[in-house]
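J.: Structure supplied as entry.cif; contents: mmCIF, C-alpha atoms.
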```
data_run
#
loop_
_atom_site.label_atom_id
_atom_site.label_comp_id
_atom_site.auth_asym_id
_atom_site.auth_seq_id
_atom_site.Cartn_x
_atom_site.Cartn_y
_atom_site.Cartn_z
CA MET N 75 -9.19 -32.31 64.33
CA LYS N 76 -11.77 -33.66 61.86
CA HIS N 77 -9.60 -32.78 58.84
CA ILE N 78 -6.51 -34.49 60.28
CA THR N 79 -5.95 -37.67 58.25
CA CYS N 80 -2.51 -38.92 59.32
CA ILE N 81 0.44 -38.37 61.66
CA ASP N 82 2.12 -36.09 59.10
CA ASP N 83 -0.90 -33.76 59.36
CA LEU N 84 -0.39 -33.58 63.14
CA ARG N 85 3.32 -32.89 62.59
CA ALA N 86 2.54 -29.97 60.28
CA LEU N 87 0.10 -28.50 62.81
CA HIS N 88 2.56 -29.04 65.66
CA LYS N 89 5.22 -27.17 63.68
CA ARG N 90 2.90 -24.17 63.26
CA ARG N 91 1.72 -24.05 66.87
CA VAL N 92 4.89 -24.67 68.94
CA PRO N 93 8.08 -22.56 69.04
CA LYS N 94 10.84 -23.80 66.74
CA ALA N 95 13.25 -24.83 69.51
CA PHE N 96 10.73 -27.21 71.07
CA PHE N 97 9.44 -28.55 67.77
CA ASP N 98 13.00 -29.29 66.64
CA TYR N 99 13.79 -30.93 69.97
CA CYS N 100 11.02 -33.40 69.24
CA ASP N 101 11.52 -33.74 65.51
CA ARG N 102 15.26 -33.90 64.90
CA GLY N 103 18.06 -36.41 65.49
CA SER N 104 21.77 -36.47 66.24
CA TYR N 105 24.67 -35.42 64.01
CA ALA N 106 23.94 -36.02 60.28
CA GLU N 107 20.64 -37.76 61.18
CA GLU N 108 21.53 -40.88 59.16
CA THR N 109 19.95 -43.21 61.72
CA LEU N 110 16.89 -40.96 62.07
CA ARG N 111 16.29 -41.26 58.32
CA ALA N 112 17.08 -44.99 58.27
CA ASN N 113 14.33 -45.65 60.83
CA ARG N 114 11.75 -44.38 58.35
CA GLU N 115 13.33 -45.50 55.08
CA ASP N 116 13.92 -49.09 56.21
CA MET N 117 10.42 -49.28 57.63
CA GLN N 118 8.82 -48.09 54.40
CA ALA N 119 10.88 -50.57 52.35
CA ILE N 120 8.98 -53.47 53.96
CA LYS N 121 6.05 -54.47 51.76
CA PHE N 122 2.92 -56.46 52.59
CA ARG N 123 1.26 -59.39 50.89
CA GLN N 124 -2.23 -58.29 49.95
CA ARG N 125 -4.71 -61.14 50.52
CA ILE N 126 -8.25 -61.36 49.15
CA LEU N 127 -11.48 -63.25 49.83
CA VAL N 128 -10.62 -63.86 53.48
CA ASP N 129 -13.33 -63.31 56.08
CA VAL N 130 -12.01 -60.34 58.06
CA SER N 131 -15.31 -59.31 59.60
CA LYS N 132 -14.13 -59.92 63.17
CA ARG N 133 -10.92 -57.93 63.26
CA ASP N 134 -9.70 -57.02 66.75
CA THR N 135 -6.59 -55.07 67.76
CA SER N 136 -6.74 -56.04 71.45
CA THR N 137 -3.82 -57.86 73.02
CA THR N 138 -1.88 -58.09 76.28
CA ILE N 139 1.25 -56.15 77.18
CA LEU N 140 3.25 -57.58 80.09
CA GLY N 141 0.21 -59.66 80.96
CA GLU N 142 -2.16 -56.68 81.14
CA PRO N 143 -5.00 -56.13 78.65
CA SER N 144 -4.47 -53.41 76.05
CA THR N 145 -6.79 -52.27 73.28
CA MET N 146 -3.90 -52.51 70.82
CA PRO N 147 -0.18 -53.41 70.76
CA LEU N 148 0.87 -49.82 71.35
CA MET N 149 2.41 -47.78 74.18
CA LEU N 150 3.30 -44.10 74.50
CA ALA N 151 7.08 -43.97 74.82
CA PRO N 152 8.94 -41.77 77.30
CA VAL N 153 9.50 -38.34 75.73
CA GLY N 154 11.29 -35.58 77.61
CA LEU N 155 9.89 -32.06 77.96
CA LEU N 156 6.32 -32.87 76.97
CA GLY N 157 5.23 -30.01 79.19
CA MET N 158 7.04 -27.65 76.81
CA GLN N 159 5.08 -28.95 73.81
CA HIS N 160 1.82 -28.17 75.62
CA GLY N 161 1.15 -27.01 79.17
CA ASP N 162 0.97 -30.02 81.54
CA GLY N 163 1.79 -32.15 78.50
CA GLU N 164 2.61 -35.32 80.43
CA ILE N 165 -0.74 -35.27 82.20
CA HIS N 166 -2.67 -34.74 78.95
CA ALA N 167 -0.75 -37.50 77.17
CA CYS N 168 -1.28 -39.93 80.05
CA ARG N 169 -5.01 -39.18 80.14
CA ALA N 170 -5.29 -39.76 76.38
CA ALA N 171 -3.44 -43.06 76.62
CA GLN N 172 -5.54 -44.29 79.52
CA ALA N 173 -8.76 -43.28 77.79
CA ALA N 174 -7.61 -45.31 74.77
CA GLY N 175 -6.71 -48.29 76.96
CA ILE N 176 -2.95 -48.34 76.32
CA PRO N 177 0.11 -47.69 78.56
CA PHE N 178 1.78 -44.29 78.99
CA THR N 179 5.45 -43.97 79.99
CA GLN N 180 6.62 -40.89 81.88
CA SER N 181 10.18 -39.69 81.21
CA THR N 182 12.66 -38.96 83.99
CA MET N 183 13.23 -35.65 82.14
CA SER N 184 9.57 -34.65 82.17
CA ILE N 185 8.18 -31.27 83.11
CA CYS N 186 5.41 -32.62 85.35
CA SER N 187 6.63 -34.72 88.27
CA ILE N 188 5.69 -38.32 89.06
CA GLU N 189 3.39 -37.02 91.78
CA ASP N 190 1.77 -34.44 89.46
CA ILE N 191 0.69 -37.17 87.05
CA ALA N 192 -0.33 -39.67 89.74
CA ALA N 193 -2.66 -37.06 91.28
CA SER N 194 -4.23 -36.26 87.90
CA VAL N 195 -5.02 -39.68 86.42
CA GLU N 196 -7.09 -42.66 87.49
CA LYS N 197 -4.82 -45.61 86.67
CA PRO N 198 -1.16 -46.59 87.11
CA PHE N 199 1.32 -45.55 84.42
CA TRP N 200 4.86 -46.61 83.56
CA PHE N 201 7.94 -44.66 84.67
CA GLN N 202 11.16 -44.41 82.64
CA LEU N 203 14.45 -44.20 84.51
CA TYR N 204 17.94 -43.01 83.64
CA VAL N 205 20.61 -44.21 86.08
CA MET N 206 22.56 -41.06 86.97
CA LYS N 207 25.75 -40.61 88.97
CA ASP N 208 23.81 -39.59 92.07
CA ARG N 209 22.65 -43.07 93.03
CA GLY N 210 20.90 -41.75 96.12
CA PHE N 211 18.70 -39.58 93.94
CA ILE N 212 17.99 -42.51 91.59
CA LYS N 213 17.01 -44.73 94.51
CA GLU N 214 14.69 -41.95 95.68
CA LEU N 215 13.16 -41.69 92.18
CA ILE N 216 12.48 -45.45 92.14
CA GLN N 217 10.87 -45.20 95.56
CA ARG N 218 8.71 -42.31 94.34
CA ALA N 219 7.61 -44.44 91.37
CA ILE N 220 6.73 -47.25 93.78
CA ALA N 221 4.74 -44.84 95.96
CA ALA N 222 2.89 -43.57 92.88
CA LYS N 223 1.99 -47.21 92.07
CA CYS N 224 3.72 -47.12 88.67
CA SER N 225 3.04 -50.48 87.06
CA ALA N 226 6.34 -50.89 85.17
CA LEU N 227 9.82 -49.38 85.20
CA VAL N 228 11.41 -48.67 81.82
CA LEU N 229 15.18 -48.56 82.32
CA THR N 230 16.77 -46.66 79.43
CA VAL N 231 20.36 -47.81 78.96
CA ASP N 232 21.59 -46.05 75.79
CA LEU N 233 22.16 -42.50 77.08
CA GLN N 234 25.27 -42.69 79.25
CA VAL N 235 27.02 -40.67 76.50
CA ILE N 236 24.82 -38.09 74.80
CA GLY N 237 24.79 -37.77 71.02
CA GLN N 238 25.02 -34.18 69.80
CA ARG N 239 21.83 -32.77 68.35
CA HIS N 240 22.88 -29.92 66.09
CA ALA N 241 19.41 -28.35 65.96
CA ASP N 242 19.26 -28.01 69.75
CA ILE N 243 22.60 -26.19 69.82
CA LYS N 244 21.62 -23.86 66.98
CA ASN N 245 18.30 -23.12 68.66
CA GLY N 246 19.87 -22.50 72.09
CA MET N 247 17.51 -25.14 73.48
CA THR N 248 17.26 -24.79 77.25
CA VAL N 249 14.51 -25.31 79.81
CA PRO N 250 13.26 -22.72 80.38
CA PRO N 251 14.45 -21.02 77.16
CA GLU N 252 17.21 -18.46 77.02
CA TRP N 253 15.75 -15.32 75.54
CA SER N 254 16.80 -13.71 72.26
CA LEU N 255 15.00 -11.39 69.86
CA SER N 256 14.26 -14.22 67.44
CA LYS N 257 12.79 -16.35 70.24
CA LEU N 258 10.70 -13.50 71.56
CA LEU N 259 9.24 -12.98 68.09
CA ASP N 260 8.68 -16.73 67.68
CA PHE N 261 6.92 -17.00 71.05
CA ALA N 262 4.88 -13.85 70.42
CA SER N 263 3.50 -15.45 67.26
CA LYS N 264 2.20 -18.43 69.27
CA PRO N 265 0.04 -16.92 72.05
CA THR N 266 -2.05 -20.07 72.59
CA TRP N 267 1.10 -22.10 73.30
CA VAL N 268 2.45 -19.39 75.63
CA SER N 269 -0.82 -19.22 77.57
CA GLY N 270 -0.97 -23.00 77.93
CA VAL N 271 2.58 -23.36 79.18
CA LEU N 272 2.20 -20.45 81.61
CA GLN N 273 -0.90 -22.08 83.07
CA GLY N 274 0.88 -25.43 83.47
CA LYS N 275 2.01 -26.70 86.84
CA ARG N 276 5.72 -26.35 86.03
CA ARG N 277 8.22 -24.99 83.52
CA THR N 278 11.30 -26.98 84.52
CA PHE N 279 12.16 -30.63 85.23
CA GLY N 280 9.55 -31.64 87.80
CA ASN N 281 11.23 -34.85 88.95
CA ILE N 282 14.49 -33.06 89.70
CA ALA N 283 13.27 -29.76 91.14
CA GLY N 284 13.70 -29.85 94.91
CA HIS N 285 16.60 -32.30 94.82
CA VAL N 286 19.25 -29.80 93.74
CA LYS N 287 19.84 -26.87 96.07
CA ASN N 288 18.77 -23.47 94.76
CA THR N 289 16.53 -24.96 92.08
CA GLU N 290 15.16 -21.50 91.44
CA ASP N 291 18.51 -21.00 89.67
CA LEU N 292 17.50 -22.77 86.48
CA ASN N 293 20.96 -22.63 84.94
CA ARG N 294 22.34 -24.44 87.98
CA LEU N 295 19.63 -27.08 87.65
CA ALA N 296 20.43 -27.58 83.96
CA GLU N 297 24.17 -27.87 84.67
CA TRP N 298 23.53 -30.50 87.37
CA THR N 299 21.35 -32.52 85.02
CA ALA N 300 23.92 -32.45 82.20
CA SER N 301 26.65 -33.60 84.59
CA GLN N 302 24.69 -36.60 85.87
CA PHE N 303 24.70 -38.94 82.87
CA ASP N 304 27.05 -41.74 83.90
CA THR N 305 29.70 -43.17 81.58
CA SER N 306 30.48 -45.92 84.11
CA LEU N 307 27.02 -47.48 83.74
CA SER N 308 27.20 -51.30 83.49
CA TRP N 309 25.08 -54.44 83.80
CA LYS N 310 25.76 -54.38 87.55
CA ASP N 311 23.65 -51.23 87.73
CA VAL N 312 20.75 -53.13 86.19
CA GLU N 313 21.08 -55.65 89.03
CA TRP N 314 21.12 -52.77 91.53
CA VAL N 315 17.92 -51.29 90.06
CA ARG N 316 16.34 -54.74 90.11
CA SER N 317 17.16 -55.07 93.82
CA ILE N 318 15.14 -51.93 94.59
CA TRP N 319 12.31 -52.11 92.06
CA PRO N 320 9.80 -54.87 92.94
CA GLY N 321 7.68 -54.72 89.81
CA LYS N 322 7.91 -55.32 86.09
CA LEU N 323 11.16 -54.17 84.49
CA ILE N 324 11.68 -53.21 80.84
CA ILE N 325 15.15 -52.54 79.43
CA LYS N 326 15.02 -49.94 76.63
CA GLY N 327 17.79 -49.26 74.14
CA ILE N 328 18.83 -52.71 72.88
CA LEU N 329 20.21 -52.76 69.33
CA ASP N 330 22.56 -55.74 69.36
CA VAL N 331 21.99 -59.49 69.82
CA GLU N 332 24.80 -59.83 72.38
CA ASP N 333 23.24 -57.08 74.49
CA ALA N 334 19.84 -58.73 74.12
CA GLU N 335 21.33 -61.97 75.46
CA GLU N 336 22.69 -60.09 78.48
CA ALA N 337 19.34 -58.37 79.02
CA ALA N 338 17.62 -61.77 79.08
CA LYS N 339 19.81 -62.79 82.03
CA THR N 340 18.74 -59.85 84.21
CA GLY N 341 15.26 -61.06 85.07
CA ALA N 342 13.67 -58.17 83.17
CA GLN N 343 10.30 -59.04 81.71
CA ALA N 344 10.82 -57.17 78.43
CA LEU N 345 13.28 -55.27 76.27
CA VAL N 346 12.73 -52.49 73.78
CA VAL N 347 14.60 -52.68 70.48
CA SER N 348 15.47 -49.01 70.06
CA ASN N 349 18.13 -46.60 68.80
CA HIS N 350 16.63 -43.73 70.80
CA GLY N 351 14.78 -42.42 67.77
CA GLY N 352 17.99 -41.67 65.92
CA ARG N 353 19.02 -39.25 68.66
CA GLN N 354 22.10 -41.07 69.93
CA LEU N 355 24.57 -43.12 67.83
CA ASP N 356 24.35 -41.74 64.31
CA GLY N 357 25.32 -44.46 61.86
CA ALA N 358 23.69 -47.17 63.95
CA PRO N 359 21.28 -49.49 62.13
CA SER N 360 17.59 -48.78 62.09
CA SER N 361 15.57 -50.44 64.82
CA ILE N 362 13.54 -52.42 62.27
CA GLU N 363 16.71 -53.82 60.64
CA VAL N 364 17.90 -55.51 63.85
CA LEU N 365 14.48 -56.47 65.23
CA PRO N 366 14.18 -59.95 63.62
CA GLU N 367 17.51 -61.28 64.88
CA ILE N 368 16.92 -59.98 68.41
CA ALA N 369 13.41 -61.46 68.46
CA ASP N 370 14.78 -64.79 67.23
CA ALA N 371 17.51 -64.77 69.88
CA VAL N 372 15.54 -63.91 73.04
CA GLY N 373 11.86 -63.68 72.08
CA GLU N 374 10.99 -66.88 73.91
CA ARG N 375 12.57 -65.62 77.14
CA MET N 376 11.26 -62.06 77.34
CA GLU N 377 8.69 -59.82 75.69
CA ILE N 378 10.00 -57.93 72.67
CA MET N 379 8.88 -54.33 72.30
CA PHE N 380 9.81 -52.05 69.41
CA ASP N 381 10.61 -48.36 69.12
CA GLY N 382 11.86 -46.35 66.17
CA GLY N 383 10.08 -44.85 63.18
CA ILE N 384 6.48 -45.82 63.93
CA ARG N 385 4.23 -43.28 62.17
CA SER N 386 1.27 -45.42 61.16
CA GLY N 387 -0.74 -48.54 61.79
CA GLN N 388 1.07 -50.06 58.82
CA ASP N 389 4.36 -49.55 60.67
CA VAL N 390 2.96 -51.28 63.76
CA MET N 391 1.96 -54.21 61.54
CA ARG N 392 5.48 -54.35 60.06
CA ALA N 393 7.12 -54.48 63.47
CA LEU N 394 4.73 -57.15 64.75
CA ALA N 395 5.38 -59.24 61.63
CA LEU N 396 9.12 -59.13 62.28
CA GLY N 397 8.95 -60.27 65.90
CA ALA N 398 7.75 -57.46 68.15
CA LYS N 399 4.84 -58.08 70.50
CA SER N 400 4.07 -54.38 70.90
CA CYS N 401 5.33 -50.99 69.74
CA MET N 402 6.15 -47.63 71.27
CA ILE N 403 5.41 -44.31 69.61
CA GLY N 404 7.23 -41.14 70.62
CA ARG N 405 7.29 -38.42 67.97
CA ALA N 406 3.91 -39.55 66.59
CA TYR N 407 2.03 -38.66 69.78
CA ALA N 408 4.26 -35.69 70.64
CA TYR N 409 3.19 -34.18 67.31
CA GLY N 410 -0.40 -34.69 68.41
CA LEU N 411 0.28 -33.09 71.78
CA GLY N 412 1.84 -30.01 70.20
CA ALA N 413 -0.95 -29.84 67.65
CA GLY N 414 -3.88 -30.09 70.03
CA GLY N 415 -3.09 -31.17 73.58
CA GLN N 416 -4.94 -34.21 74.89
CA ALA N 417 -7.27 -34.25 71.89
CA GLY N 418 -4.25 -34.31 69.58
CA VAL N 419 -2.70 -37.28 71.39
CA ALA N 420 -6.05 -39.08 71.25
CA LYS N 421 -6.18 -38.36 67.52
CA ALA N 422 -2.70 -39.83 66.97
CA ILE N 423 -3.67 -43.01 68.80
CA ASP N 424 -6.96 -43.26 66.90
CA ILE N 425 -5.25 -42.78 63.53
CA ILE N 426 -2.80 -45.58 64.21
CA GLN N 427 -5.47 -47.97 65.47
CA LYS N 428 -7.71 -47.40 62.45
CA GLU N 429 -4.78 -47.81 60.06
CA LEU N 430 -3.82 -51.04 61.83
CA LEU N 431 -7.36 -52.39 61.51
CA THR N 432 -7.47 -51.56 57.79
CA THR N 433 -4.05 -53.10 57.15
CA MET N 434 -5.05 -56.26 59.00
CA GLY N 435 -8.13 -56.55 56.80
CA LEU N 436 -6.23 -56.09 53.55
CA CYS N 437 -3.65 -58.67 54.65
CA GLY N 438 -6.31 -61.21 55.63
CA VAL N 439 -5.71 -61.03 59.39
CA ASN N 440 -8.31 -60.86 62.19
CA ARG N 441 -6.26 -61.03 65.38
CA ILE N 442 -2.98 -59.57 66.59
CA ASP N 443 -1.60 -63.04 67.39
CA GLU N 444 -2.07 -64.02 63.72
CA ILE N 445 0.46 -61.42 62.56
CA ASP N 446 3.84 -62.88 61.65
CA ASP N 447 6.28 -62.75 58.74
CA HIS N 448 3.88 -64.57 56.42
CA ILE N 449 2.21 -61.19 55.76
CA ILE N 450 5.47 -59.73 54.40
CA ALA N 451 6.14 -59.79 50.64
CA MET N 452 9.52 -61.45 50.26
#
```
Can you give me the file's structure in the form of structure tokens?
T.:
Amino acid sequence: MKHITCIDDLRALHKRRVPKAFFDYCDRGSYAEETLRANREDMQAIKFRQRILVDVSKRDTSTTILGEPSTMPLMLAPVGLLGMQHGDGEIHACRAAQAAGIPFTQSTMSICSIEDIAASVEKPFWFQLYVMKDRGFIKELIQRAIAAKCSALVLTVDLQVIGQRHADIKNGMTVPPEWSLSKLLDFASKPTWVSGVLQGKRRTFGNIAGHVKNTEDLNRLAEWTASQFDTSLSWKDVEWVRSIWPGKLIIKGILDVEDAEEAAKTGAQALVVSNHGGRQLDGAPSSIEVLPEIADAVGERMEIMFDGGIRSGQDVMRALALGAKSCMIGRAYAYGLGAGGQAGVAKAIDIIQKELLTTMGLCGVNRIDEIDDHIIAM
């Protein structure tokens, strides 16, 4: 890892080490990928004011997230199928996050189960929830998160209709994979990945296995999962989740001021400005474009988190300047996981922290709470 200089280096290594179907699942977006591209292009269009002759000898990235200390304003976002990027991927990512002193969020659609992770790490982690049609199962999932002492629930609300991801269809992306000659050749060329996944605890959705009858029939399990995303989801369901979950609640998937206003009425402690990494509504605005107006509208009532296009410490600085209190990374650490397991995730986190520290220094900033829009070149 000593020659890795940036997140793009981790991405290139991930692409070489992981089968194409799983790399593309992580890397690509929905439809024409307009929103996926906008997340990066709009972020990079934001320029800094370089400041000189300011004492920046006491720079510090530490902050609080939902009242808890964090070494930097960064969280690992929920990413599905981490265990197919690297064996026991969720456990390795959680360990890397906790070692770095930042939160990790487990996805509902993870390979390792809630209990697998809880038994393998020392501290509480966050759990991300999709509200599915089977409300009994969702209530059970929330109760399992409570039993595992998860410290926050991240309710993702932008997936009741699933955007089509062309790459996944072309790759025949299933868990576990459907076999073809091209896939066999691809897998055979990546023996380290194969060995790691085979040694992992699971190779299917750990949080769902055991709930559906005949879960050894993996096609049946996949069909059940696909049928469970609920088009009738409404704000009343947020109230229902709130009635069961006793802890901190984060609503993820807000991209509109009116929705942010509704989220602020729910009693949730935070919202995440997010377009699901450009994987849902193609043609939606970038997350960074809508961040300032959402922060202005509800930032005094709830904590504003940001997700979408973060690939560097500079990007974290941009989001903080425009109203976010903290940022989530998804692809950035998944690239690290695919590239090198726990060490790769740790490298991704370290890269972003060092870039943030350098950017703070060159903008004349010592503390996270000093970052606002005065650092942006207008």
J.: Carefully work through the PyMOL selection byres ((chain N and resi 85-96) around 7) for this structure and note down the residues it includes, as a PyMOL selection string.
T.: chain N and resi 81-84+97-100+158-159+242+245+247+260-261+264+267+409-410+412-413
J.: If the PyMOL selection byres ((chain N and resi 167) around 12) is run on the structure shown, which residues does it catch, given as a PyMOL selection string?
T.: chain N and resi 149-153+155-157+159-166+168-174+176-181+184+186+191+194-195+199+403-404+406-412+414-423
J.: Applied to the shown file, which residues does the PyMOL selection byres ((chain N and resi 452) around 9) return, written as an MDAnalysis selection string?
T.: chainID N and resid 120:123 448 450:451
J.: In Å, how far is it from CA of Ala193 (chain N) to CA of Phe211 (chain N)?
T.: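 Result for CA of Ala193 (chain N) versus CA of Phe211 (chain N): 21.7 Å, one decimal.
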J.: Which value, in Å to one decimal, gives the distance between CA of Thr299 (chain N) and CA of Gly357 (chain N)?
T.: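 Separation of CA of Thr299 (chain N) and CA of Gly357 (chain N): 26.4 Å.
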J.: Could you jot down the CA of Val439 (chain N) to CA of Ile362 (chain N) separation for me, Å, one decimal place?
T.: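 Going from CA of Val439 (chain N) over to CA of Ile362 (chain N), I get 21.3 Å.
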J.: Counting all atoms listed in the file, which residues have an atom no more than 10 Å from (-5.8, -48.5, 65.8) in the file's coordinates? Please list them as a PyMOL selection string.
T.: chain N and resi 134-136+145-148+174+386-388+390+422-433
J.: Within 8 Å of (9.1, -40.0, 86.6) (coordinates as in the file), grab all the protein and nucleic acid residues, counting only C-alpha atoms, and write them out as an MDAnalysis selection string.
T.: chainID N and resid 180:184 187:188 201:203 215 219 281
J.: For region 366-368 of chain N, find every residue with an atom within 9 Å (counting only C-alpha atoms), except residues of its own chain fewer than 5 positions away, and show them as a list of chain:residue names.
T.: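 In the requested form, the answer reads N:Ile328, N:Leu329, N:Asp330, N:Val331, N:Glu332, N:Ala334, N:Glu335, N:Val347, N:Gly373, N:Ile378, N:Ala393, N:Leu396, N:Gly397, N:Ala398.
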J.: Quick one: residues within 7 Å of Ser348 (chain N), all atoms listed in the file counted, chain neighbours fewer than 4 positions away excluded, as a list of chain:residue names?
T.: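 Selected residues are N:Lys326, N:Gly327, N:Ile328, N:Leu329, N:Ser361, N:Phe380, N:Asp381, N:Gly382.
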J.: For a quick check of understanding, using only C-alpha atoms, which of N:Gly175, N:Ile212, N:Arg218, N:Gly435 has the smallest distance to Lys197 (chain N)?
T.: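 Of N:Gly175, N:Ile212, N:Arg218, N:Gly435, the one nearest Lys197 (chain N) is N:Gly175, counting only C-alpha atoms.
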J.: Looking at N:Lys132, N:His77, N:Arg316, N:Arg102, which one is nearest to Asn440 (chain N), with distances taken over only C-alpha atoms?
T.: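 Going through N:Lys132, N:His77, N:Arg316, N:Arg102 one by one, the smallest distance to Asn440 (chain N) is for N:Lys132.
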J.: Some atoms are absent from region 129-146 of chain N, so rebuild N, CA and C atoms and return them as a short mmCIF file (atom, residue, chain, number, x, y, z; two decimals), in the coordinates of the input.
T.:
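Saved file out06.cif follows:
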```cif
data_model
loop_
_atom_site.label_atom_id
_atom_site.label_comp_id
_atom_site.auth_asym_id
_atom_site.auth_seq_id
_atom_site.Cartn_x
_atom_site.Cartn_y
_atom_site.Cartn_z
N ASP N 129 -12.35 -63.91 55.17
CA ASP N 129 -13.33 -63.31 56.08
C ASP N 129 -12.60 -62.51 57.16
N VAL N 130 -12.68 -61.20 57.07
CA VAL N 130 -12.01 -60.34 58.06
C VAL N 130 -13.05 -59.47 58.77
N SER N 131 -14.21 -60.05 58.99
CA SER N 131 -15.31 -59.31 59.60
C SER N 131 -15.19 -59.20 61.11
N LYS N 132 -14.26 -59.93 61.71
CA LYS N 132 -14.13 -59.92 63.17
C LYS N 132 -12.74 -59.45 63.60
N ARG N 133 -12.24 -58.44 62.92
CA ARG N 133 -10.92 -57.93 63.26
C ARG N 133 -10.91 -57.28 64.65
N ASP N 134 -9.80 -57.48 65.36
CA ASP N 134 -9.70 -57.02 66.75
C ASP N 134 -8.24 -56.69 67.04
N THR N 135 -7.97 -55.47 67.47
CA THR N 135 -6.59 -55.07 67.76
C THR N 135 -6.18 -55.34 69.20
N SER N 136 -7.07 -55.87 70.02
CA SER N 136 -6.74 -56.04 71.45
C SER N 136 -5.67 -57.11 71.64
N THR N 137 -4.92 -56.96 72.72
CA THR N 137 -3.82 -57.86 73.02
C THR N 137 -3.50 -57.74 74.50
N THR N 138 -2.40 -58.32 74.93
CA THR N 138 -1.88 -58.09 76.28
C THR N 138 -0.46 -57.55 76.17
N ILE N 139 -0.11 -56.68 77.09
CA ILE N 139 1.25 -56.15 77.18
C ILE N 139 1.72 -56.38 78.61
N LEU N 140 2.77 -57.17 78.77
CA LEU N 140 3.25 -57.58 80.09
C LEU N 140 2.12 -58.18 80.93
N GLY N 141 1.28 -58.96 80.26
CA GLY N 141 0.21 -59.66 80.96
C GLY N 141 -1.03 -58.84 81.24
N GLU N 142 -1.01 -57.55 80.89
CA GLU N 142 -2.16 -56.68 81.14
C GLU N 142 -2.91 -56.43 79.83
N PRO N 143 -4.24 -56.37 79.88
CA PRO N 143 -5.00 -56.13 78.65
C PRO N 143 -4.72 -54.75 78.07
N SER N 144 -4.67 -54.68 76.76
CA SER N 144 -4.47 -53.41 76.05
C SER N 144 -5.33 -53.44 74.80
N THR N 145 -5.90 -52.31 74.44
CA THR N 145 -6.79 -52.27 73.28
C THR N 145 -6.04 -52.46 71.97
N MET N 146 -4.73 -52.28 72.02
CA MET N 146 -3.90 -52.51 70.82
C MET N 146 -2.45 -52.68 71.26
#
```
